[in-house]
Amino acid sequence: MTEGALASLRILDLSLDIAGPTCAGMMAGLGAEVIKVEPPQGDPSRKVGPFFQDDPHPEKSGLFLYVNQGKKSITLNLETETGRDMLYRLLPQVDVVVESYAPGYLAGLGLGYPEMERLNPGVVVTSVTPFGQDGPYRDWRADELVIYALSGHLYQFGDPDREPLKPGGSVALYFAGLAAFAATMTALYARRLTGEGQHIDLSILEAVASMMEPPLAEWHGGNVTTRNGNGGRGAASGQYQCLDGFVQVSTTVGNEASFQRFPELMDIPELADPKFATADGRIEHREEADSLIKPWLAARPKFEIYQKAQALRLPFGFACTTEDLVNSPQFQARDWFATLDHPFTGSLLYPGAPYKMSKTPWMPRRAPLLGEHNEEIYCDRLGLSREDLGRLRTHNAI
Amino acid sequence: MSRRALEGVRVLDLTQIWAGPYCCRLLADMGAEVIKIESARRFDGSRNYGVFAQGLPNSPPWERRALFNHKNRGKLGITIDMTMEKGKDLFLRLLQVSDIVVENFSARVMNNWGLDYPVLSQHKPDIIMISMPAFGMTGPERDYVGQGSNLTPLSGLVALTGYIGDVPHNVGAYTDPIAGMTGAGALLAALHHKAETGEGQYIDLAQREGAARLIGDAIMDYTMNGRVWPLTGNQHPAHAPHGCYPCRGEDRWVTIAVSSDEEWHALCQATGHPEWIDDPRFSDTINRWNNQGQLNELISAWTADRDPREVMELLQAAGVPSGAVLTVPDMLDDPHYMARGYINFVDINNPEFGTFPSLGVYAKLSKTPGYLTSGRPALGEHNEYVFGSVLGVSAEEIRALSAEGIIATDPTKVTP
């Protein structure tokens with residue numbers, strides 16, 4: 001049987017919500033054994049929608065089901081001595097701990113990096129928090145919107161005459177999870193040479209700010225950039241209404257001449273007028289350019305416009321809805337979506353692999369039920385008896 | 001300086017524009033030796049567009065683009081004309097002493113050069129190679145053209161972004177850094193597998209697919225419930241107040257993101273409006289969400305004559321999530337970024353320029369921390385080091401390769 005790239009690794013995932021669990025979720029998808037340690041009431045993301053059939057049941061959160069695929073779940077109350085003792089017993093058996101508690105919380109329970117290192121000198125501990133483990137904002141609170149504001153992105157997005165606009169969904173938190181994953185793999189690589197684990201301090205803010213290169217570059221050129229409207233400078237560029245949605249009209253980056261294919265695409269000879277030849281010219285004659293292309297776009301469906309433009313090698317696209325993604329011929333041809341069965345939802349389509357590796361497959365497996373693997377981990381792995389497991393429950397440790 | 005985590009890993013970086021260069025610079029920040037390969041005839045397209053960095057009046061234009069500096073910091077730069085047989089030979093010799101090849105051309109290019117994975121793996125069986133084209137190496141849209149402006153909507157991000165009742169809003173080239181970070185993780189996973197088994201492999205990363213994973217919960221709502229999310233501006237699906245509020249000064253804003261009764265009560269006290277606690281319109285999270293229009297008006301009236309940083313500090317001190325909307329100069333001046341050493345000053349080895357502030361390393365490793373060593377390479381800046389010291393090519397041969405244009409470094413002296 002073919003194994004995933006990380007089949008040799010065992011991970012303890014103490015993290016909650018999106019960013020930390022995304023990091024551990026990447027490792028599970030690549031074949032590592034990931035033991036998710038949930039507080040007895042479960043990861044709070046079990047209470048966050050969307051829910052299967054809108055039933056707010058802790059085993060039916062689409063967010064939880066997506067982010068925690070392929071993990072095992074055990075419950076453990078870290079605030080009891082017995083609970084901490086169980087964690088101490090698990091620690092020597094793992095390569096990585098991922099955690100997302102407020103800085104200092106685990107240290108206060110005797111579970112900081114120094115204690116973990118003492119129990120397992122090779123362990124890589126990845127802490128994923130909004131602002132990192134030190135600095136003046138260390139103890140501040142943040143969600144996605146606050147991260148976007150302080151990372152400089154928010155000021156760049158939206159209409160110039162309206163309030164800054166957040167990108168939809170939780171893209172920044174997922175991105176921080178990818179950064180935490182890359183950092184963790186980096187530390188695991190170093191371990192081969194040094195024989196030592198280490199502590200990774202991943203600030204979601206800093207990971208997200210690392211995408212701010214273009215506005216910072218503009219600043220080096222003497223510009224303070226701000227919101228420039230919808231999808232590009234100038235006319236005949238951006239999101240336009242079409243028959244069944246919105247299409248992205250674009251010229252090729254760094255290639256002004258690509259606009260010369262617009263007249264052919266839309267069969268509008270007037271667009272070949274030299275006054276539209278440059279981006280500056282199209283900005284100057286914005287209304288005229290827009291009035292020429294808008295009726296053509298509005299009369300056609302998005303997929304047809306996309307295909308026709310691409311046939312002329314123009315980088316058009318359309319605002320793909322989640323429905324469009326599921327129905328995309330490209331995604332279907334690449335067999336991207338995965339079908340997974342789950343005891344509470346039955347069979348569902350899930351977003352697929354982040355990439356295709358030729359020798360080590362991505363391994364889609366369903367998310368665990370709360371505490372589903374208590375017996376396997378506590379009894380089979382740690383050697384507790386079934387009676388012990390009962391006692392742990394009595395002590396509110398699991 | 002301490003040893004960095006990826007020292008000893010050699011990466012051949014054939015990429016251009018943003019996604020690939022960002023991927024490789026993430027590895028360079030952590031110590032990998034990244035050799036950026038361009039040619040005088042066909043150099044990285046991002047040397048060709050975008051704003052010029054100030055302070056380089058005497059440098060040629062292809063060395064002055066500000067964005068290029070950021071995406072390519074810490075790399076070695078060489079030139080090889082891959083369309084010429086001797087150029088290919090030189091590349092294959094480099095391949096022998098390298099661990100990773102990264103490319104983000106459109107799907108046909110490496111194959112056209114006769115340098116796709118089957119060929120490379122014949123020459124070096126344990127090589128790890130990643131291709132990161134827009135749509136992937138297979139499928140009916142394989143050869144479509146992709147760049148940030150169309151890939152971000154095609155990945156599903158744009159259809160979720162916009163003011164309520166407005167059109168979807170394109171936030172620009174988000175798919176580039178997403179693909180770069182995704183690719184860096186993929187390469188590190190492949191390195192792990194190679195260290196365990198001795199086996200290299202090929203990675204096909206479709207930028208569109210990688211980015212679509214970052215809206216996974218929205219996709220799940222469609223596959224579970226058939227629901228397509230509407231545009232919701234800065235609203236949170238369950239909590240209020242949650243938005244971006246005007247402050248004193250021109251175009252100054254602050255975000256506030258309340259997620260519990262506890263935080264709401266703290267906000268009411270901190271703003272000096274304890275009466276809001278007892279207001280039946282805002283009594284619980286459901287009432288606050290349903291009446292958030294009125295709530296936002298009250299909060300905007302309170303923020304309007306305050307400084308964004310003042311609002312943020314006051315609210316955070318009370319335990320309420322809040323963040324000032326920072327401009328680039330604000331970020332370079334921010335006490336938290338400064339205290340954590342996130343803004344780094346990098347020397348680009350150009351006496352005209354000196355140092356420039358650059359964003360820091362994306363994660364802090366306690367024992368083998370990443371750090372920045374140098375700015376971007378000039379075109380072919382490290383030809384002598386790489387061909388001479390790494391490959392052991394004689395000085396004479398280097399001169400000959402140079403004379404034949406195979407490792408030319410001056411774009412004005414080659415035929416396009």
# chains A, B, ... in the order shown; residues from 1 in each chain; ligands from 1
>>> select_by_dssp(residues="segment 183-308 of chain A", states="alpha helix (DSSP H)", output="ChimeraX atom specification")
/A:183-194,204-209,213-220,262-266,279-284,286-298,302-308
>>> residues_around(residues="Asp324 of chain A", least_positions_apart="3", cutoff="10 Å", atoms="only C-alpha atoms", output="list in words")
Phe303, Phe318, Ala319, Cys320, Thr321, Asn327, Ser328, Pro329 and Phe331 of chain A; Leu154, Ser155, Gly156 and Val228 of chain B
>>> residues_around(residues="Pro164 of chain A", least_positions_apart="6", cutoff="7 Å", atoms="only C-alpha atoms", output="ChimeraX atom specification")
/A:154-155,157-158 /B:244
>>> residues_around(residues="Leu90 of chain A", least_positions_apart="2", cutoff="12 Å", atoms="only C-alpha atoms", output="PyMOL selection string")
chain A and resi 10-13+35-37+74+76+83-88+92-97+116+119-120+123+377-379+381-383
>>> closest_residue(among="A:Ala353, A:Ala289, A:Ala190, A:Leu297", to="Ala32 of chain B", atoms="only C-alpha atoms")
A:Ala190
>>> residues_around(residues="Asn69 of chain B", least_positions_apart="3", cutoff="12 Å", atoms="only C-alpha atoms", output="PDB file with C-alpha atoms, in the first residue's frame")
ATOM      1  CA  GLU A 213       5.106  42.813  -0.696  1.00  0.00           C
ATOM      2  CA  PRO A 214       3.360  44.742  -3.509  1.00  0.00           C
ATOM      3  CA  LEU A 216       5.555  47.789   0.402  1.00  0.00           C
ATOM      4  CA  ALA A 217       7.278  47.854  -2.989  1.00  0.00           C
ATOM      5  CA  GLU A 218       5.066  50.752  -4.014  1.00  0.00           C
ATOM      6  CA  HIS A 220       9.807  52.056  -1.960  1.00  0.00           C
ATOM      7  CA  GLY A 221       8.804  53.804  -5.147  1.00  0.00           C
TER       8      GLY A 221
ATOM      9  CA  ILE B  17       6.523  37.030 -11.411  1.00  0.00           C
ATOM     10  CA  TRP B  18       5.294  36.244  -7.878  1.00  0.00           C
ATOM     11  CA  PRO B  21       9.652  33.546  -6.523  1.00  0.00           C
ATOM     12  CA  TYR B  22       7.737  33.928  -3.235  1.00  0.00           C
ATOM     13  CA  ARG B  25      12.242  33.092  -1.044  1.00  0.00           C
ATOM     14  CA  ASP B  44      12.024  37.386 -14.869  1.00  0.00           C
ATOM     15  CA  SER B  46       8.816  41.282 -12.947  1.00  0.00           C
ATOM     16  CA  ARG B  47      12.069  43.063 -13.800  1.00  0.00           C
ATOM     17  CA  GLY B  50       5.911  47.987 -11.593  1.00  0.00           C
ATOM     18  CA  VAL B  51       7.295  50.941  -9.751  1.00  0.00           C
ATOM     19  CA  PHE B  52      11.003  51.758  -9.627  1.00  0.00           C
ATOM     20  CA  ALA B  53      12.636  51.760  -6.215  1.00  0.00           C
ATOM     21  CA  TRP B  62      15.785  45.787 -15.003  1.00  0.00           C
ATOM     22  CA  GLU B  63      17.634  46.199 -11.700  1.00  0.00           C
ATOM     23  CA  ARG B  64      15.362  48.916 -10.329  1.00  0.00           C
ATOM     24  CA  ARG B  65      11.930  47.369  -9.902  1.00  0.00           C
ATOM     25  CA  ALA B  66      10.970  47.621  -6.244  1.00  0.00           C
ATOM     26  CA  ASN B  72      13.952  37.573  -4.725  1.00  0.00           C
ATOM     27  CA  ARG B  73      15.849  38.556  -1.620  1.00  0.00           C
ATOM     28  CA  GLY B  74      18.437  36.147  -0.314  1.00  0.00           C
ATOM     29  CA  LYS B  75      18.875  34.301  -3.633  1.00  0.00           C
ATOM     30  CA  VAL B 346      18.277  44.367   3.915  1.00  0.00           C
ATOM     31  CA  ASP B 347      21.314  45.394   1.927  1.00  0.00           C
ATOM     32  CA  ILE B 348      20.880  44.791  -1.795  1.00  0.00           C
ATOM     33  CA  ASN B 349      24.595  45.122  -2.496  1.00  0.00           C
ATOM     34  CA  ASN B 350      24.118  48.282  -4.448  1.00  0.00           C
ATOM     35  CA  PHE B 353      20.722  52.147  -2.615  1.00  0.00           C
ATOM     36  CA  THR B 355      19.474  49.129   2.779  1.00  0.00           C
ATOM     37  CA  PHE B 356      15.704  48.898   2.495  1.00  0.00           C
ATOM     38  CA  PRO B 357      13.070  47.776   4.971  1.00  0.00           C
ATOM     39  CA  SER B 358      11.692  44.356   4.136  1.00  0.00           C
ATOM     40  CA  LEU B 359       9.048  42.138   5.703  1.00  0.00           C
ATOM     41  CA  SER B 374      21.046  39.761   1.253  1.00  0.00           C
ATOM     42  CA  GLY B 375      18.799  41.516  -1.176  1.00  0.00           C
ATOM     43  CA  ARG B 376      17.904  40.392  -4.658  1.00  0.00           C
ATOM     44  CA  PRO B 377      20.645  39.332  -7.053  1.00  0.00           C
ATOM     45  CA  ALA B 378      21.453  41.449 -10.056  1.00  0.00           C
ATOM     46  CA  LEU B 379      21.024  39.620 -13.367  1.00  0.00           C
TER      47      LEU B 379
END
>>> residues_around(residues="Leu348 of chain A", least_positions_apart="4", cutoff="9 Å", atoms="only C-alpha atoms", output="list in words")
Ala338, Thr339, Leu340, Asp341 and His342 of chain A; Met220, Thr223 and Met224 of chain B
>>> residues_around(residues="Met82 of chain B", least_positions_apart="2", cutoff="8 Å", atoms="only C-alpha atoms", output="PyMOL selection string")
chain B and resi 39+80+84-85+87-88+91+113
>>> atom_distance(atom1="atom CA of Ala270 of chain B", atom2="atom CA of Glu250 of chain B")
24.5 Å
>>> atom_distance(atom1="atom CA of Pro130 of chain A", atom2="atom CA of Leu365 of chain B")
16.4 Å
>>> atom_distance(atom1="atom CA of Pro237 of chain B", atom2="atom CA of Cys268 of chain B")
21.5 Å
>>> select_by_dssp(residues="segment 102-347 of chain A", states="strand (DSSP E or B)", output="PyMOL selection string")
chain A and resi 124-129+199-203+238-242+245-249+252+255+317-318+338-340
>>> closest_atom_pairs(of="segment 117-205 of chain A", to="segment 335-345 of chain B", cutoff="10 Å", atoms="only C-alpha atoms", output="CSV")
residue,atom,partner,partner_atom,distance
A:Phe131,CA,B:His336,CA,8.5
A:Gly132,CA,B:Arg340,CA,8.8
A:Gln133,CA,B:Arg340,CA,9.4
A:Asp134,CA,B:Arg340,CA,7.2
A:Gly135,CA,B:His336,CA,5.5
A:Pro136,CA,B:His336,CA,5.5
A:Tyr137,CA,B:His336,CA,6.2
A:Arg138,CA,B:His336,CA,8.4
A:Leu150,CA,B:Tyr337,CA,10.0
A:Ser151,CA,B:Tyr337,CA,9.8
A:Leu205,CA,B:Tyr337,CA,9.4
>>> closest_residue(among="B:Asp126, B:Asp143, B:Asp251, B:Glu381", to="Gln307 of chain A", atoms="only C-alpha atoms")
B:Asp143
